[in-house]
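Next comes model_29.txt, with compact mmCIF, C-alpha atoms and all ligand atoms.
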```txt
# COMPACT_ATOMS: atom_id res chain seq x y z
CA MET A 20 -5.20 40.35 -49.15
CA LYS A 21 -3.59 43.50 -47.74
CA GLU A 22 -1.42 45.91 -49.66
CA LYS A 23 2.14 45.34 -48.59
CA ALA A 24 3.71 48.70 -49.34
CA GLU A 25 6.39 48.40 -46.66
CA ARG A 26 9.15 45.87 -46.32
CA PRO A 27 7.63 43.07 -44.24
CA ASP A 28 8.54 43.16 -40.56
CA ILE A 29 8.69 39.38 -40.58
CA PHE A 30 9.84 37.45 -43.62
CA ALA A 31 10.25 33.69 -43.61
CA GLU A 32 10.92 31.37 -46.51
CA GLY A 33 11.01 27.61 -46.08
CA LEU A 34 11.56 28.20 -42.36
CA THR A 35 12.30 24.88 -40.66
CA ARG A 36 13.31 23.76 -37.17
CA ILE A 37 14.04 20.09 -36.72
CA TYR A 38 15.06 18.87 -33.26
CA ARG A 39 17.57 16.03 -33.35
CA LEU A 40 17.15 13.57 -30.49
CA GLY A 41 19.69 10.73 -30.46
CA MET A 42 19.17 8.85 -33.70
CA GLY A 43 15.72 10.34 -34.32
CA GLU A 44 14.30 13.74 -35.09
CA VAL A 45 11.20 15.76 -34.23
CA ILE A 46 9.84 18.38 -36.57
CA GLY A 47 9.14 21.64 -34.75
CA ILE A 48 8.14 23.60 -37.84
CA ARG A 49 8.47 22.63 -41.48
CA GLY A 50 8.93 24.91 -44.48
CA ILE A 51 6.95 27.93 -43.29
CA ASP A 52 6.63 30.92 -45.66
CA LEU A 53 5.47 34.17 -44.02
CA GLU A 54 5.26 37.87 -44.86
CA ILE A 55 3.91 40.01 -42.05
CA PRO A 56 3.97 43.80 -42.57
CA LYS A 57 4.81 46.15 -39.70
CA GLY A 58 2.01 47.02 -37.30
CA GLU A 59 -0.05 43.82 -37.39
CA LEU A 60 -1.39 41.97 -34.37
CA VAL A 61 -0.91 38.32 -35.25
CA VAL A 62 -2.74 35.66 -33.28
CA LEU A 63 -1.03 32.30 -33.64
CA LYS A 64 -3.28 29.32 -33.06
CA GLY A 65 -2.93 25.58 -33.26
CA ASP A 66 -3.20 22.42 -31.21
CA SER A 67 -0.63 21.51 -28.62
CA GLY A 68 2.58 20.51 -30.38
CA SER A 69 1.68 22.30 -33.63
CA GLY A 70 4.82 24.49 -33.45
CA LYS A 71 3.66 27.82 -31.95
CA SER A 72 6.39 28.08 -29.30
CA THR A 73 9.01 26.86 -31.76
CA LEU A 74 8.06 29.63 -34.20
CA LEU A 75 8.03 32.28 -31.45
CA ALA A 76 11.47 31.16 -30.21
CA LEU A 77 12.85 31.56 -33.74
CA LEU A 78 11.24 35.00 -34.15
CA ALA A 79 12.70 36.01 -30.77
CA GLY A 80 16.22 34.93 -31.70
CA LEU A 81 16.18 32.48 -28.79
CA ASP A 82 16.70 29.63 -31.22
CA GLN A 83 17.94 29.33 -34.81
CA PRO A 84 16.39 27.59 -37.79
CA THR A 85 17.81 24.37 -39.13
CA GLY A 86 16.62 25.34 -42.63
CA GLY A 87 15.20 28.21 -44.65
CA ARG A 88 15.46 31.97 -44.19
CA LEU A 89 14.16 34.28 -41.48
CA SER A 90 14.37 38.04 -41.27
CA VAL A 91 12.78 40.01 -38.41
CA ALA A 92 12.68 43.84 -38.44
CA GLY A 93 15.37 43.80 -41.11
CA HIS A 94 17.69 41.46 -39.17
CA ASP A 95 18.66 38.23 -40.89
CA LEU A 96 18.36 35.69 -38.08
CA SER A 97 19.15 32.61 -40.19
CA SER A 98 22.82 33.52 -40.41
CA ALA A 99 23.26 35.63 -37.24
CA SER A 100 26.12 34.95 -34.82
CA GLN A 101 25.41 34.33 -31.12
CA ALA A 102 26.57 37.89 -30.33
CA GLN A 103 24.21 39.31 -32.98
CA LEU A 104 21.34 37.22 -31.59
CA THR A 105 22.01 38.53 -28.06
CA ALA A 106 21.97 42.13 -29.31
CA PHE A 107 18.80 41.40 -31.31
CA ARG A 108 17.03 39.98 -28.24
CA ARG A 109 17.99 43.01 -26.16
CA GLN A 110 17.14 45.70 -28.67
CA VAL A 111 14.59 44.52 -31.19
CA VAL A 112 12.12 42.20 -29.47
CA GLY A 113 10.24 42.22 -26.18
CA MET A 114 8.98 38.92 -24.80
CA VAL A 115 6.05 38.07 -22.55
CA PHE A 116 5.57 34.55 -21.23
CA GLN A 117 2.75 32.61 -19.58
CA SER A 118 4.84 32.12 -16.42
CA PHE A 119 5.83 35.84 -16.20
CA ASN A 120 9.53 34.93 -15.59
CA LEU A 121 10.12 37.75 -13.08
CA LEU A 122 13.16 37.58 -10.83
CA PRO A 123 11.77 36.92 -7.34
CA THR A 124 14.47 38.77 -5.39
CA LEU A 125 14.06 42.01 -7.34
CA THR A 126 11.31 44.59 -6.87
CA VAL A 127 8.87 45.44 -9.63
CA ILE A 128 10.83 48.47 -10.80
CA GLU A 129 14.15 46.59 -10.61
CA ASN A 130 12.69 43.79 -12.76
CA VAL A 131 11.51 46.35 -15.31
CA CYS A 132 14.85 48.22 -15.40
CA LEU A 133 17.04 45.10 -15.69
CA PRO A 134 17.02 44.59 -19.50
CA ALA A 135 17.84 48.28 -20.07
CA LEU A 136 20.70 48.24 -17.55
CA LEU A 137 22.03 45.03 -19.17
CA ALA A 138 21.90 46.85 -22.52
CA GLY A 139 24.02 49.66 -21.00
CA LYS A 140 21.35 52.36 -20.75
CA PRO A 141 21.96 55.07 -18.11
CA HIS A 142 20.39 54.35 -14.73
CA ALA A 143 18.44 57.60 -14.19
CA ARG A 144 16.87 57.59 -17.66
CA THR A 145 15.97 53.90 -17.36
CA ARG A 146 14.33 54.50 -14.00
CA SER A 147 12.17 57.36 -15.26
CA GLU A 148 11.13 55.36 -18.35
CA ALA A 149 10.25 52.39 -16.12
CA GLU A 150 8.14 54.67 -13.89
CA GLU A 151 6.32 56.00 -16.95
CA LEU A 152 5.62 52.49 -18.26
CA LEU A 153 4.42 51.24 -14.87
CA SER A 154 2.06 54.23 -14.56
CA TRP A 155 0.63 53.50 -18.01
CA LEU A 156 0.08 49.89 -16.91
CA GLY A 157 -1.70 50.94 -13.70
CA MET A 158 1.21 49.77 -11.54
CA ALA A 159 2.38 53.14 -10.15
CA SER A 160 1.73 52.08 -6.56
CA ARG A 161 3.53 48.75 -6.88
CA HIS A 162 7.15 49.79 -7.62
CA ALA A 163 8.61 48.43 -4.40
CA HIS A 164 6.67 45.16 -4.34
CA ARG A 165 8.38 41.86 -5.00
CA PRO A 166 6.73 39.45 -7.48
CA SER A 167 5.44 37.25 -4.62
CA GLN A 168 3.46 40.26 -3.35
CA LEU A 169 1.62 40.75 -6.66
CA SER A 170 -1.50 39.25 -8.22
CA GLY A 171 -1.13 37.29 -11.46
CA GLY A 172 -2.45 40.22 -13.50
CA GLU A 173 0.03 42.58 -11.81
CA MET A 174 2.88 40.14 -12.46
CA GLN A 175 1.99 40.04 -16.16
CA ARG A 176 1.73 43.84 -16.34
CA THR A 177 5.20 44.04 -14.76
CA ALA A 178 6.44 41.56 -17.37
CA ILE A 179 4.91 43.72 -20.13
CA ALA A 180 6.69 46.81 -18.76
CA ARG A 181 9.94 44.82 -18.70
CA ALA A 182 9.35 43.70 -22.30
CA LEU A 183 8.89 47.34 -23.35
CA ILE A 184 11.76 49.02 -21.51
CA ASN A 185 14.15 48.79 -24.47
CA SER A 186 11.47 50.12 -26.88
CA PRO A 187 11.32 46.92 -28.97
CA GLU A 188 9.91 47.02 -32.47
CA ILE A 189 8.20 43.66 -32.02
CA ILE A 190 6.43 42.15 -29.01
CA LEU A 191 6.19 38.36 -28.81
CA ALA A 192 3.84 36.80 -26.30
CA ASP A 193 3.60 33.05 -25.59
CA GLU A 194 0.24 32.29 -23.88
CA PRO A 195 0.28 35.68 -22.09
CA THR A 196 -3.16 35.08 -20.57
CA GLY A 197 -2.61 31.39 -19.75
CA ASN A 198 -2.17 31.90 -16.00
CA LEU A 199 -4.77 34.64 -15.62
CA ASP A 200 -8.50 34.73 -14.96
CA SER A 201 -10.61 36.00 -17.85
CA ASN A 202 -10.84 39.55 -16.46
CA ASN A 203 -7.05 39.94 -16.12
CA GLY A 204 -6.53 38.11 -19.39
CA GLU A 205 -8.78 40.66 -21.10
CA ILE A 206 -6.81 43.54 -19.54
CA VAL A 207 -3.52 42.06 -20.76
CA MET A 208 -4.90 41.60 -24.29
CA GLN A 209 -6.24 45.18 -24.30
CA LEU A 210 -2.77 46.47 -23.32
CA LEU A 211 -1.10 44.46 -26.09
CA ALA A 212 -3.72 45.74 -28.55
CA GLU A 213 -3.12 49.34 -27.44
CA LEU A 214 0.61 48.88 -28.01
CA ASN A 215 -0.23 47.62 -31.46
CA ARG A 216 -2.73 50.32 -32.41
CA ARG A 217 -1.43 53.41 -30.64
CA PHE A 218 2.30 52.77 -30.89
CA ARG A 219 2.14 50.70 -34.11
CA ARG A 220 4.21 47.84 -32.74
CA THR A 221 3.98 44.46 -34.39
CA VAL A 222 2.59 42.04 -31.78
CA ILE A 223 2.54 38.25 -32.10
CA VAL A 224 0.48 36.30 -29.58
CA ALA A 225 0.55 32.49 -29.48
CA THR A 226 -2.46 31.24 -27.58
CA HIS A 227 -5.10 28.57 -27.11
CA SER A 228 -7.43 31.18 -25.61
CA THR A 229 -10.17 32.99 -27.53
CA LEU A 230 -9.46 36.19 -25.54
CA ALA A 231 -7.02 37.38 -28.21
CA ASP A 232 -9.37 36.80 -31.16
CA PRO A 233 -11.20 40.17 -31.15
CA PHE A 234 -7.86 42.01 -31.34
CA ALA A 235 -6.30 40.01 -34.18
CA THR A 236 -5.51 41.68 -37.48
CA VAL A 237 -4.03 38.42 -38.76
CA LEU A 238 -4.90 34.90 -37.69
CA LEU A 239 -2.28 32.24 -38.39
CA ARG A 240 -3.11 28.61 -37.74
CA LEU A 241 -0.44 25.95 -37.44
CA LYS A 242 -0.85 22.20 -37.73
CA ASP A 243 2.01 19.72 -37.46
CA GLY A 244 4.55 22.50 -37.92
CA ALA A 245 2.99 24.00 -41.06
CA VAL A 246 0.71 27.02 -41.63
CA THR A 247 -2.77 25.79 -42.56
CA GLU A 248 -4.61 29.14 -42.45
CA THR A 249 -3.67 32.81 -42.83
CA SER A 250 -6.64 35.16 -42.39
CA TRP A 251 -6.26 38.95 -42.74
CA ILE A 252 -8.99 40.36 -40.57
CA LYS A 253 -8.92 44.17 -40.99
N1 LIG B 301 13.53 21.23 -27.31
C1 LIG B 301 12.84 20.33 -28.01
N2 LIG B 301 13.37 19.13 -28.29
C2 LIG B 301 12.69 18.21 -29.02
N3 LIG B 301 11.44 18.41 -29.50
C3 LIG B 301 10.85 19.59 -29.24
C4 LIG B 301 11.51 20.62 -28.47
N4 LIG B 301 10.67 21.68 -28.38
C5 LIG B 301 9.57 21.33 -29.05
N5 LIG B 301 9.66 20.09 -29.56
C6 LIG B 301 8.65 19.38 -30.38
O1 LIG B 301 8.31 20.22 -31.48
C7 LIG B 301 6.92 20.17 -31.74
C8 LIG B 301 6.31 21.57 -31.63
O2 LIG B 301 6.36 21.98 -30.25
P1 LIG B 301 5.93 23.43 -29.76
O3 LIG B 301 6.33 23.54 -28.32
O4 LIG B 301 6.45 24.43 -30.69
O5 LIG B 301 4.32 23.35 -29.89
P2 LIG B 301 3.20 24.35 -29.37
O6 LIG B 301 2.26 24.55 -30.50
O7 LIG B 301 3.83 25.56 -28.78
O8 LIG B 301 2.50 23.49 -28.23
P3 LIG B 301 1.73 23.97 -26.89
O9 LIG B 301 0.47 24.63 -27.36
O10 LIG B 301 1.48 22.69 -26.17
O11 LIG B 301 2.65 24.91 -26.16
C9 LIG B 301 6.34 19.18 -30.75
O12 LIG B 301 6.25 17.93 -31.38
C10 LIG B 301 7.36 19.14 -29.63
O13 LIG B 301 7.37 17.89 -28.98
```
How would this structure read if it were set down as structure tokens?
Amino acid sequence: MKEKAERPDIFAEGLTRIYRLGMGEVIGIRGIDLEIPKGELVVLKGDSGSGKSTLLALLAGLDQPTGGRLSVAGHDLSSASQAQLTAFRRQVVGMVFQSFNLLPTLTVIENVCLPALLAGKPHARTRSEAEELLSWLGMASRHAHRPSQLSGGEMQRTAIARALINSPEIILADEPTGNLDSNNGEIVMQLLAELNRRFRRTVIVATHSTLADPFATVLLRLKDGAVTETSWIK
């Protein structure tokens, strides 16, 4: 077990999300306890329906628990108001999805700048930070392209730049390599690992793929909404 000198970046106690459907209910996750220190790269595994996306949505402040406590980067999400959750999503977490979720009518650089402009950051500074991020991601020559003019790997690198534009403390990725060939999937995982190691960001990747495994510092396995394995790797 690792020394946990710092306050955990992610703290969950009895974390539960039950979906109510008509008269019935479906358990998304049930009674999860978690303590993840800052700077880990967590790979979240589990069969389809085991609760990975549900847990990520809670960590991202996209959804709220129906039971238990959750604190992410010092923000108590169990009792947050909608306005607090919106601010949390803009400032504290960056999200990367399997389907990229880029806006098709905007160019690459406009997609990257959008979350910063929505958060009220000045235009010129946002633009130069977006250019810097896109250069780091090998996308310097693609600023003016629209998503339909990009390869899958380029779309995901644009989505990573967009996730980073507000300097989030935590990066959450739901099947980030799911729509990519193994070469591009490897590149995306290497970028997420570099963010983790060089910039000490906490990164959580939910995936069925084994591409993420070599980069994991923590492996969490879910089954039927509960954690069945927590392995600290380095
Ligand atoms: N909005 C919802 N309404 C009702 N039930 C839901 C909802 N979202 C998820 N569930 C249920 O919660 C459980 C966990 O789903 P979740 O999407 O978190 O699994 P997952 O591990 O991400 O699966 P996959 O690997 O297929 O993406 C499943 O039984 C699912 O049917």
List all protein, DNA and RNA residues that have at least one atom no more than 6 Å from any atom of ligand LIG 301 (chain B), counting all atoms listed in the file, and write them as a tab-separated table (two decimals) with C-alpha atoms, keeping the file's coordinate frame.
```tsv
chain	number	residue	atom	x	y	z
A	38	TYR	CA	15.06	18.87	-33.26
A	45	VAL	CA	11.20	15.76	-34.23
A	46	ILE	CA	9.84	18.38	-36.57
A	47	GLY	CA	9.14	21.64	-34.75
A	65	GLY	CA	-2.93	25.58	-33.26
A	66	ASP	CA	-3.20	22.42	-31.21
A	67	SER	CA	-0.63	21.51	-28.62
A	68	GLY	CA	2.58	20.51	-30.38
A	69	SER	CA	1.68	22.30	-33.63
A	70	GLY	CA	4.82	24.49	-33.45
A	71	LYS	CA	3.66	27.82	-31.95
A	72	SER	CA	6.39	28.08	-29.30
A	73	THR	CA	9.01	26.86	-31.76
```
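For the atom pair formed by atom CA of Met174 of chain A and atom CA of Ile55 of chain A, the distance is 29.6 Å, given to one decimal.
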Would you write out, as CSV, a table of all residues in segment 86-183 of chain A that have an atom no more than 12 Å from an atom of segment 30-36 of chain A, listing for each the closest atom pair and the distance in Å to one decimal, considering only C-alpha atoms and ordering rows by chain and rising residue number?
```
residue,atom,partner,partner_atom,distance
A:Gly86,CA,A:Thr35,CA,4.8
A:Gly87,CA,A:Leu34,CA,4.3
A:Arg88,CA,A:Glu32,CA,5.1
A:Leu89,CA,A:Ala31,CA,4.5
A:Ser90,CA,A:Phe30,CA,5.1
A:Val91,CA,A:Phe30,CA,6.5
A:Ala92,CA,A:Phe30,CA,8.7
A:Gly93,CA,A:Phe30,CA,8.8
A:His94,CA,A:Phe30,CA,9.9
A:Asp95,CA,A:Phe30,CA,9.3
A:Leu96,CA,A:Ala31,CA,10.0
A:Ser97,CA,A:Leu34,CA,9.0
```
Handout entry: Test item: residues at most 10 Å from Ile179 of chain A, only C-alpha atoms, excluding those fewer than 3 positions along its chain, as a VMD selection string
Key = chain A and resid 113 to 116 119 131 152 to 153 156 173 to 176 182 to 184 190 192 195 207 210 to 211
Practice task
Could you give me, as number ranges by chain, the residues that sit within 10 Å of (-4.9, 26.0, -40.3) in the file's coordinates, counting all atoms listed in the file?
Solution key: A: 63-66, 238-243, 245-250
Practice task
Return the single residue from A:Thr177, A:Thr145, A:Ser228, A:Thr236 that is closest to Thr196 of chain A, with distances computed using only C-alpha atoms.
Solution key: A:Ser228
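Atom pair atom CA of Leu78 of chain A / atom CA of Glu188 of chain A has a distance of 12.2 Å (rounded to one decimal).
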Practice task
Please indicate the distance in Å from atom CA of Glu150 of chain A to atom CA of Phe218 of chain A, rounded to one decimal place.
Solution key: 18.1 Å
Handout entry: Point (-1.6, 41.0, -26.6), cut-off 10 Å, counting all atoms listed in the file, residues as a PyMOL selection string
Key = chain A and resi 60-62+115+179+190-196+204-215+222-226+230-232+234-235
